[in-house]
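Below: input38.txt (compact mmCIF, C-alpha atoms)
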# COMPACT_ATOMS: atom_id res chain seq x y z
CA MET I 1 26.50 17.76 58.08
CA GLU I 2 25.43 21.25 57.00
CA ASP I 3 27.57 20.95 53.88
CA PHE I 4 25.99 17.61 53.10
CA THR I 5 22.48 19.01 53.55
CA TRP I 6 23.33 21.94 51.30
CA LEU I 7 24.72 19.62 48.64
CA LEU I 8 21.66 17.43 48.84
CA VAL I 9 19.08 20.16 48.50
CA SER I 10 21.05 22.02 45.83
CA LYS I 11 21.45 18.89 43.74
CA ILE I 12 17.93 17.67 43.96
CA PHE I 13 15.64 20.63 44.35
CA ILE I 14 16.68 22.81 41.44
CA PRO I 15 16.47 20.08 38.79
CA LEU I 16 13.36 18.44 40.17
CA VAL I 17 11.13 21.20 41.45
CA GLU I 18 9.23 22.93 38.72
CA PRO I 19 6.34 25.32 39.34
CA VAL I 20 3.16 23.30 39.24
CA GLN I 21 0.82 26.28 39.26
CA PRO I 22 2.14 29.35 37.52
CA HIS I 23 -0.38 31.90 38.78
CA SER I 24 0.58 34.67 41.14
CA TRP I 25 -1.46 34.72 44.33
CA GLU I 26 -2.27 38.38 43.85
CA VAL I 27 -4.58 37.71 40.91
CA PHE I 28 -7.21 36.08 43.15
CA ASP I 29 -9.88 37.92 45.06
CA TRP I 30 -9.58 36.36 48.50
CA SER I 31 -12.29 38.53 50.02
CA LYS I 32 -14.70 36.25 48.16
CA VAL I 33 -13.95 33.40 50.58
CA PHE I 34 -12.34 35.11 53.56
CA GLY I 35 -14.22 38.39 53.65
CA LYS I 36 -12.26 41.39 54.80
CA PRO I 37 -8.70 40.24 55.75
CA ALA I 38 -9.34 40.40 59.47
CA GLY I 39 -6.32 38.21 60.11
CA ALA I 40 -3.79 40.60 58.60
CA GLN I 41 -2.81 42.08 61.95
CA ALA I 42 -2.42 38.67 63.60
CA ILE I 43 -0.35 37.41 60.68
CA GLU I 44 1.87 40.47 60.77
CA GLN I 45 2.41 40.00 64.50
CA ALA I 46 3.22 36.30 64.02
CA CYS I 47 5.77 37.20 61.34
CA GLN I 48 7.34 39.81 63.60
CA ASP I 49 7.58 37.22 66.36
CA ALA I 50 9.31 34.89 63.90
CA ASP I 51 11.76 37.66 63.03
CA ALA I 52 12.49 38.17 66.69
CA ILE I 53 13.26 34.47 67.12
CA GLY I 54 15.45 34.48 64.04
CA VAL I 55 14.87 32.71 60.76
CA PHE I 56 16.98 29.70 59.92
CA GLU I 57 19.46 30.70 57.24
CA LEU I 58 20.85 28.37 54.64
CA MET A 1 9.81 13.41 59.42
CA ASN A 2 7.81 10.28 59.11
CA TYR A 3 4.66 10.18 57.02
CA GLN A 4 1.77 7.89 57.73
CA VAL A 5 -0.77 7.47 54.94
CA GLN A 6 -4.45 7.80 55.77
CA TYR A 7 -7.23 7.06 53.30
CA ILE A 8 -10.23 9.35 53.60
CA PRO A 9 -12.88 8.46 51.02
CA ASP A 10 -15.01 11.32 49.79
CA PRO A 11 -15.73 10.81 46.08
CA VAL A 12 -17.19 14.28 45.55
CA PHE A 13 -14.18 16.07 47.06
CA TRP A 14 -11.50 13.92 45.45
CA SER A 15 -12.99 13.82 41.99
CA LYS A 16 -13.26 17.59 42.03
CA LEU A 17 -9.70 17.97 43.30
CA ALA A 18 -8.25 15.60 40.73
CA LYS A 19 -9.65 17.77 37.93
CA LEU A 20 -8.41 21.11 39.29
CA PRO A 21 -7.55 23.58 38.08
CA LEU A 22 -10.26 23.82 35.47
CA PRO A 23 -9.33 26.15 32.62
CA GLN A 24 -12.24 28.51 33.15
CA SER A 25 -13.17 28.89 36.79
CA ASP A 26 -13.64 31.69 39.21
CA TYR A 27 -11.07 31.08 41.95
CA PRO A 28 -10.67 30.93 44.89
CA ASP A 29 -13.12 28.12 45.42
CA MET A 30 -14.19 26.27 48.57
CA LEU A 31 -14.00 22.48 48.90
CA THR A 32 -15.13 20.39 51.85
CA LEU A 33 -13.55 17.04 52.76
CA GLY A 34 -15.69 14.65 54.79
CA ASN A 35 -17.88 17.49 56.10
CA ILE A 36 -15.02 18.26 58.46
CA THR A 37 -12.34 20.25 56.69
CA ARG A 38 -12.96 23.29 54.52
CA PHE A 39 -10.29 24.18 51.99
CA ALA A 40 -9.95 27.44 50.13
CA TYR A 41 -8.37 26.48 46.81
CA ALA A 42 -6.74 28.53 44.07
CA PRO A 43 -4.10 27.57 41.50
CA GLY A 44 -1.41 29.81 42.93
CA ASN A 45 2.31 29.17 42.74
CA VAL A 46 3.40 28.17 46.25
CA LEU A 47 6.87 27.34 44.92
CA LYS A 48 7.81 30.79 43.65
CA GLY A 49 11.31 31.46 44.97
CA TYR A 50 11.58 27.95 46.46
CA THR A 51 14.91 27.27 44.75
CA ASP A 52 16.22 30.83 44.86
CA TRP A 53 19.35 30.04 46.84
CA SER A 54 20.62 33.61 46.55
CA THR A 55 17.76 34.84 48.74
CA PRO A 56 17.66 32.99 52.07
CA SER A 57 14.18 34.28 52.89
CA HIS A 58 12.87 32.67 49.68
CA ALA A 59 14.80 29.40 49.43
CA LEU A 60 12.82 26.38 50.66
CA HIS A 61 9.94 28.66 51.71
CA TYR A 62 6.37 28.25 50.53
CA LEU A 63 4.76 31.42 49.21
CA ILE A 64 1.17 31.98 50.39
CA PRO A 65 -1.27 34.88 50.12
CA LYS A 66 -1.33 37.46 52.89
CA ASP A 67 -5.13 37.49 52.91
CA LEU A 68 -5.65 34.49 55.23
CA PRO A 69 -7.95 35.05 58.22
CA ALA A 70 -5.27 33.91 60.71
CA PRO A 71 -1.63 32.76 60.83
CA VAL A 72 -0.88 29.25 59.57
CA THR A 73 -0.18 26.82 62.39
CA SER A 74 0.39 23.58 60.48
CA VAL A 75 1.06 22.18 57.03
CA GLY A 76 -0.25 18.91 55.64
CA TYR A 77 -0.17 17.02 52.36
CA LEU A 78 -2.88 15.39 50.25
CA PHE A 79 -2.49 12.91 47.40
CA ALA A 80 -5.28 13.12 44.85
CA PRO A 81 -6.54 9.89 43.27
CA LEU A 82 -4.79 8.51 40.25
CA THR A 83 -5.88 10.03 36.97
CA GLY A 84 -4.28 7.87 34.31
CA VAL A 85 -0.76 7.35 35.64
CA HIS A 86 -0.52 10.66 37.50
CA ARG A 87 -1.28 11.67 41.06
CA LYS A 88 -1.32 15.33 41.96
CA VAL A 89 0.04 16.36 45.34
CA TYR A 90 -1.45 19.24 47.31
CA VAL A 91 -0.27 21.17 50.31
CA ALA A 92 -2.73 22.45 52.91
CA PHE A 93 -1.93 25.42 55.14
CA PHE A 94 -4.10 25.16 58.25
CA TYR A 95 -4.97 28.49 59.84
CA GLY A 96 -7.79 27.16 62.05
CA VAL A 97 -9.44 23.93 63.13
CA GLY A 98 -10.60 22.24 59.95
CA GLN A 99 -9.78 25.33 57.87
CA ALA A 100 -6.97 25.51 55.37
CA LEU A 101 -5.66 27.04 52.20
CA LEU A 102 -5.04 24.40 49.53
CA ALA A 103 -2.67 24.52 46.56
CA GLN A 104 -0.84 22.07 44.34
CA THR A 105 2.79 21.41 45.15
CA HIS A 106 5.63 19.25 43.92
CA PRO A 107 6.18 15.87 45.66
CA MET A 108 9.81 16.87 46.19
CA THR A 109 8.69 19.27 48.91
CA LEU A 110 7.76 16.37 51.17
CA VAL A 111 11.42 15.54 51.61
CA HIS A 112 11.87 18.01 54.45
CA LYS A 113 10.08 20.61 56.52
CA PRO A 114 9.90 23.93 54.70
CA VAL A 115 12.19 26.54 56.20
CA GLY A 116 9.36 29.05 56.37
CA LEU A 117 6.06 30.28 55.01
CA ARG A 118 6.50 33.52 53.11
CA PHE A 119 3.52 35.82 52.65
CA THR A 120 2.91 37.87 49.56
CA GLY A 121 3.73 41.44 50.51
CA GLY A 122 6.39 40.33 53.02
CA GLY A 123 6.60 38.53 56.33
CA VAL A 124 7.77 35.00 57.08
CA LEU A 125 6.28 32.49 59.49
CA THR A 126 8.54 29.85 60.98
CA ASP A 127 6.45 28.68 63.92
CA PHE A 128 4.38 25.90 62.36
CA THR A 129 4.33 22.12 62.31
CA VAL A 130 4.16 19.59 59.48
CA SER A 131 1.59 16.86 59.92
CA HIS A 132 2.98 13.33 59.98
CA ILE A 133 -0.21 12.14 58.31
CA VAL A 134 -0.66 12.45 54.56
CA ILE A 135 -4.15 11.97 53.22
CA LYS A 136 -5.05 10.15 50.04
CA GLY A 137 -8.32 9.83 48.22
CA ASP A 138 -8.30 6.31 46.85
CA ALA A 139 -7.49 2.83 48.07
CA ALA A 140 -4.71 2.23 45.55
CA PRO A 141 -1.22 2.35 47.08
CA ILE A 142 0.79 5.47 46.36
CA HIS A 143 3.65 4.79 43.98
CA MET A 144 5.21 7.72 42.18
CA VAL A 145 8.45 7.78 40.22
CA ILE A 146 9.61 11.24 39.16
CA ASP A 147 12.61 11.77 36.93
CA SER A 148 14.17 15.15 36.45
CA PRO A 149 13.37 16.56 32.99
CA LYS A 150 16.83 18.15 32.98
CA ASN A 151 18.83 15.19 34.23
CA PRO A 152 17.47 11.67 33.80
CA HIS A 153 19.95 10.38 36.38
CA LEU A 154 18.15 12.33 39.11
CA GLY A 155 15.01 10.82 40.49
CA LEU A 156 12.52 10.68 43.31
CA THR A 157 10.32 7.76 44.29
CA LEU A 158 7.43 7.87 46.75
CA SER A 159 5.84 4.60 47.62
CA GLU A 160 3.38 3.48 50.23
CA SER A 161 4.19 0.39 52.21
CA PRO A 162 2.34 -1.38 55.02
CA THR A 163 3.93 -1.89 58.41
CA ALA A 164 3.60 -4.84 60.76
CA ASN A 165 1.12 -2.98 62.98
CA GLY A 166 -1.28 -2.40 60.12
CA GLN A 167 -0.35 1.18 59.39
CA SER A 168 0.71 2.45 56.01
CA MET A 169 3.86 4.54 55.68
CA LEU A 170 5.19 6.70 52.86
CA ASN A 171 8.69 5.75 51.83
CA ILE A 172 10.69 8.38 49.93
CA SER A 173 13.80 7.45 47.95
CA LEU A 174 16.21 9.73 46.13
CA ARG A 175 18.45 8.80 43.21
CA ILE A 176 21.40 11.15 42.85
CA PRO A 177 24.49 10.47 40.68
CA GLY A 178 27.60 9.85 42.72
CA MET A 179 25.71 9.18 45.90
CA ALA A 180 24.50 6.04 47.56
CA SER A 181 20.77 5.60 47.18
CA SER A 182 18.97 7.37 50.01
CA SER A 183 15.82 6.16 51.65
CA ILE A 184 14.07 8.72 53.78
CA ASN A 185 12.22 7.66 56.85
CA PRO A 186 10.70 4.29 56.17
CA SER A 187 11.09 3.72 59.90
CA GLY A 188 11.67 7.13 61.40
CA ALA A 189 15.35 7.31 60.50
CA VAL A 190 17.48 8.27 57.54
CA SER A 191 19.51 5.44 56.06
CA ILE A 192 22.24 5.95 53.49

As structure tokens, how would this structure be written, given the file I've shared?
Amino acid sequence: MEDFTWLLVSKIFIPLVEPVQPHSWEVFDWSKVFGKPAGAQAIEQACQDADAIGVFEL
Amino acid sequence: MNYQVQYIPDPVFWSKLAKLPLPQSDYPDMLTLGNITRFAYAPGNVLKGYTDWSTPSHALHYLIPKDLPAPVTSVGYLFAPLTGVHRKVYVAFFYGVGQALLAQTHPMTLVHKPVGLRFTGGGVLTDFTVSHIVIKGDAAPIHMVIDSPKNPHLGLTLSESPTANGQSMLNISLRIPGMASSSINPSGAVSI
């Protein structure tokens, strides 16, 4: 089943998925809408928790 | 996954969304849908690294800015109204009740749950859900046929179809050479 899933996503995603918006996220000034990034610490912690659980690997 | 289509009329929101990104605008911008949901929008590339199979932390991950006020807890999809023969598809990353980051995505990404959400500057979130409701901005049924520019034998079809109980479901079909045609989740199951 894993082999089939791999075949499926490899066959369909690379030819079909093209970037729809080419801009890098870093070019935008997010403080304009979010203010100071007060959530950075919470996001970092959530990512560390995800690491501890283990990320699904293809 | 099983997508139910919900129509939320808001002409101001949808007409603005259908025209984005404007060539000369100061992003990020804020958009409000139905006075309930506030979206922070910018034309960023959420698909950077999405098909980079050599890097497992990139492949099938959305890329989002690290500057969000809180971790993303759920992902949802929006279909903008038809403009000509095209419908843009957007992905919303909800980090709070009625608060989300919004960016354009490729319809192909609806085929499965993303493996993770990758932040610029590092860090990957895997603890999030994908909404089973997709939102559209016009009454016309969704019907999209997408052929690969590199291989005309590859294709993706998304079409909205009503169910017996009055709901409207999104049916996704894949056309791949050498494989039986695949219909994804018209009734909560995968049939091949």

Exercise for the section: Determine, counting all atoms listed in the file, which protein, DNA and RNA residues have an atom within 8 Å of an atom of I:Phe28; residues of the same chain fewer than 5 positions away are not included. Present the result as a list of chain:residue names. Expected result: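 Here the answer would be A:Tyr27, A:Pro28, A:Ala42.
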
Those residues with C-alpha atoms, as a JSON list (two decimals), keeping the file's coordinate frame please?
[["chain", "number", "residue", "atom", "x", "y", "z"],
["A", 27, "TYR", "CA", -11.07, 31.08, 41.95],
["A", 28, "PRO", "CA", -10.67, 30.93, 44.89],
["A", 42, "ALA", "CA", -6.74, 28.53, 44.07]]

Exercise for the section: Tell me the residues of chain A close to chain I, meaning within 6 Å using only C-alpha atoms, as a VMD selection string. Expected result: chain A and resid 43 to 45 47 51 56 65 67 69 to 71 123 to 126 148

Completion exercise
From atom CA of A:Thr129 to atom CA of A:Gly96 the spacing works out at 13.1 Å

Select all residues near (-16.0, 14.9, 41.7) (cut-off 12 Å, inclusive, file coordinates), counting only C-alpha atoms, and output them as a compact mmCIF listing (two decimals) with C-alpha atoms, in the coordinates of the input.
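As a result, point-v3.txt now contains:
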# COMPACT_ATOMS: atom_id res chain seq x y z
CA PRO A 9 -12.88 8.46 51.02
CA ASP A 10 -15.01 11.32 49.79
CA PRO A 11 -15.73 10.81 46.08
CA VAL A 12 -17.19 14.28 45.55
CA PHE A 13 -14.18 16.07 47.06
CA TRP A 14 -11.50 13.92 45.45
CA SER A 15 -12.99 13.82 41.99
CA LYS A 16 -13.26 17.59 42.03
CA LEU A 17 -9.70 17.97 43.30
CA ALA A 18 -8.25 15.60 40.73
CA LYS A 19 -9.65 17.77 37.93
CA LEU A 20 -8.41 21.11 39.29
CA LEU A 31 -14.00 22.48 48.90
CA THR A 32 -15.13 20.39 51.85
CA LEU A 33 -13.55 17.04 52.76
CA ALA A 80 -5.28 13.12 44.85
CA PRO A 81 -6.54 9.89 43.27
CA GLY A 137 -8.32 9.83 48.22

Exercise for the section: Quick one: everything within 9 Å of A:Val130, counting only C-alpha atoms, minus sequence neighbours fewer than 4 positions away in the same chain. Send it as a list in words. Expected result: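 Close residues of A:Val130: Met1, Thr73, Ser74, Val75, Gly76, Tyr77, Lys113 and Pro114 of chain A.
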
Practice task
Would you list the contacts of A:Gly98 as a list in words, taking every protein, DNA or RNA residue within 9 Å and counting all atoms listed in the file, but skipping same-chain residues closer than 6 positions in sequence?
Solution key: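 Returned residues: Ile36, Thr37, Arg38 and Phe39 of chain A.
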
Exercise for the section: Could you tell me how far atom CA of A:Met144 lies from atom CA of A:His132, in Å and to one decimal? Expected result: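 About the pair atom CA of A:Met144 and atom CA of A:His132: they are 18.8 Å apart.
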
Handout entry: Atom pair atom CA of A:Ser182 / atom CA of A:Leu158: separation (Å)
Key =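 We find that atom CA of A:Ser182 and atom CA of A:Leu158 lie 12.0 Å from each other.
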
Handout entry: Nearest candidate to A:Thr83 (options A:Asp52, A:Asp138, A:Asp29, A:Asp127; using all atoms listed in the file)
Key =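 Ranked by minimum distance to A:Thr83, first place goes to A:Asp138.
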
Could you pull stretch 64-177 of chain A out of the block above and save it with C-alpha atoms, as a tab-separated table (two decimals), in the first residue's frame?
chain	number	residue	atom	x	y	z
A	64	ILE	CA	3.84	29.24	5.76
A	65	PRO	CA	5.38	32.31	7.38
A	66	LYS	CA	6.73	32.02	10.90
A	67	ASP	CA	5.15	35.33	11.88
A	68	LEU	CA	1.66	34.01	12.74
A	69	PRO	CA	0.27	35.00	16.15
A	70	ALA	CA	-0.33	31.35	17.15
A	71	PRO	CA	0.17	27.79	15.85
A	72	VAL	CA	-2.13	26.62	13.07
A	73	THR	CA	-4.77	24.19	14.29
A	74	SER	CA	-6.72	23.51	11.10
A	75	VAL	CA	-6.59	23.89	7.34
A	76	GLY	CA	-9.52	24.64	5.05
A	77	TYR	CA	-10.11	25.31	1.37
A	78	LEU	CA	-12.01	28.03	-0.48
A	79	PHE	CA	-13.10	28.10	-4.12
A	80	ALA	CA	-13.32	31.60	-5.54
A	81	PRO	CA	-16.14	32.38	-7.98
A	82	LEU	CA	-15.67	31.64	-11.64
A	83	THR	CA	-13.84	34.34	-13.56
A	84	GLY	CA	-14.20	33.36	-17.20
A	85	VAL	CA	-13.57	29.61	-17.14
A	86	HIS	CA	-11.20	29.63	-14.17
A	87	ARG	CA	-11.74	29.18	-10.46
A	88	LYS	CA	-8.89	29.92	-8.08
A	89	VAL	CA	-8.46	27.70	-5.05
A	90	TYR	CA	-7.23	29.06	-1.74
A	91	VAL	CA	-5.98	27.40	1.41
A	92	ALA	CA	-6.71	28.89	4.83
A	93	PHE	CA	-4.51	28.17	7.83
A	94	PHE	CA	-6.58	28.76	10.97
A	95	TYR	CA	-4.58	29.86	14.00
A	96	GLY	CA	-7.57	31.07	16.04
A	97	VAL	CA	-11.36	31.15	16.00
A	98	GLY	CA	-12.33	32.92	12.80
A	99	GLN	CA	-8.71	33.92	12.12
A	100	ALA	CA	-6.61	32.51	9.33
A	101	LEU	CA	-3.80	33.05	6.91
A	102	LEU	CA	-4.99	32.80	3.30
A	103	ALA	CA	-3.00	31.94	0.19
A	104	GLN	CA	-3.65	30.51	-3.24
A	105	THR	CA	-2.93	26.84	-3.73
A	106	HIS	CA	-3.21	24.21	-6.44
A	107	PRO	CA	-6.40	22.08	-6.52
A	108	MET	CA	-4.18	18.99	-6.53
A	109	THR	CA	-3.42	19.59	-2.86
A	110	LEU	CA	-6.98	18.67	-1.91
A	111	VAL	CA	-6.28	15.06	-2.80
A	112	HIS	CA	-4.84	14.27	0.61
A	113	LYS	CA	-3.99	15.76	3.97
A	114	PRO	CA	-0.68	17.60	3.86
A	115	VAL	CA	2.06	15.76	5.71
A	116	GLY	CA	2.97	18.89	7.64
A	117	LEU	CA	3.05	22.66	7.82
A	118	ARG	CA	6.58	23.96	7.45
A	119	PHE	CA	7.43	27.41	8.78
A	120	THR	CA	9.87	29.76	7.14
A	121	GLY	CA	12.98	29.69	9.29
A	122	GLY	CA	12.38	26.06	10.33
A	123	GLY	CA	9.94	24.06	12.37
A	124	VAL	CA	7.17	21.72	11.21
A	125	LEU	CA	3.67	21.34	12.60
A	126	THR	CA	1.92	18.02	12.19
A	127	ASP	CA	-0.86	18.35	14.76
A	128	PHE	CA	-3.63	19.96	12.73
A	129	THR	CA	-6.86	18.94	11.08
A	130	VAL	CA	-8.25	19.47	7.58
A	131	SER	CA	-11.80	20.75	7.42
A	132	HIS	CA	-14.25	18.48	5.62
A	133	ILE	CA	-16.10	21.59	4.45
A	134	VAL	CA	-14.89	23.55	1.45
A	135	ILE	CA	-16.36	26.98	0.94
A	136	LYS	CA	-17.34	28.49	-2.37
A	137	GLY	CA	-18.43	31.97	-3.27
A	138	ASP	CA	-21.02	31.47	-5.98
A	139	ALA	CA	-24.03	29.28	-6.61
A	140	ALA	CA	-22.61	27.68	-9.76
A	141	PRO	CA	-21.51	24.06	-9.24
A	142	ILE	CA	-17.77	23.50	-9.03
A	143	HIS	CA	-16.44	21.74	-12.10
A	144	MET	CA	-12.73	21.94	-12.80
A	145	VAL	CA	-10.72	19.90	-15.28
A	146	ILE	CA	-6.96	20.31	-15.00
A	147	ASP	CA	-4.56	18.72	-17.45
A	148	SER	CA	-0.87	18.53	-16.82
A	149	PRO	CA	1.05	21.00	-19.01
A	150	LYS	CA	3.86	18.44	-19.20
A	151	ASN	CA	1.80	15.35	-19.89
A	152	PRO	CA	-1.66	15.68	-21.43
A	153	HIS	CA	-2.50	12.14	-20.37
A	154	LEU	CA	-2.42	13.19	-16.71
A	155	GLY	CA	-5.44	14.95	-15.37
A	156	LEU	CA	-7.46	15.97	-12.37
A	157	THR	CA	-11.19	16.66	-12.22
A	158	LEU	CA	-13.04	18.24	-9.32
A	159	SER	CA	-16.78	18.34	-9.58
A	160	GLU	CA	-19.56	19.14	-7.17
A	161	SER	CA	-22.47	16.75	-6.99
A	162	PRO	CA	-25.60	16.75	-4.85
A	163	THR	CA	-26.40	13.88	-2.52
A	164	ALA	CA	-29.77	12.38	-1.67
A	165	ASN	CA	-29.89	14.21	1.67
A	166	GLY	CA	-29.54	17.60	0.05
A	167	GLN	CA	-25.86	18.11	0.72
A	168	SER	CA	-23.31	18.89	-1.94
A	169	MET	CA	-20.10	16.87	-2.11
A	170	LEU	CA	-16.84	17.45	-3.96
A	171	ASN	CA	-15.87	14.53	-6.13
A	172	ILE	CA	-12.20	14.29	-7.15
A	173	SER	CA	-11.09	12.09	-10.05
A	174	LEU	CA	-7.58	11.37	-11.25
A	175	ARG	CA	-6.55	10.29	-14.74
A	176	ILE	CA	-3.19	8.54	-14.78
A	177	PRO	CA	-1.81	6.50	-17.73
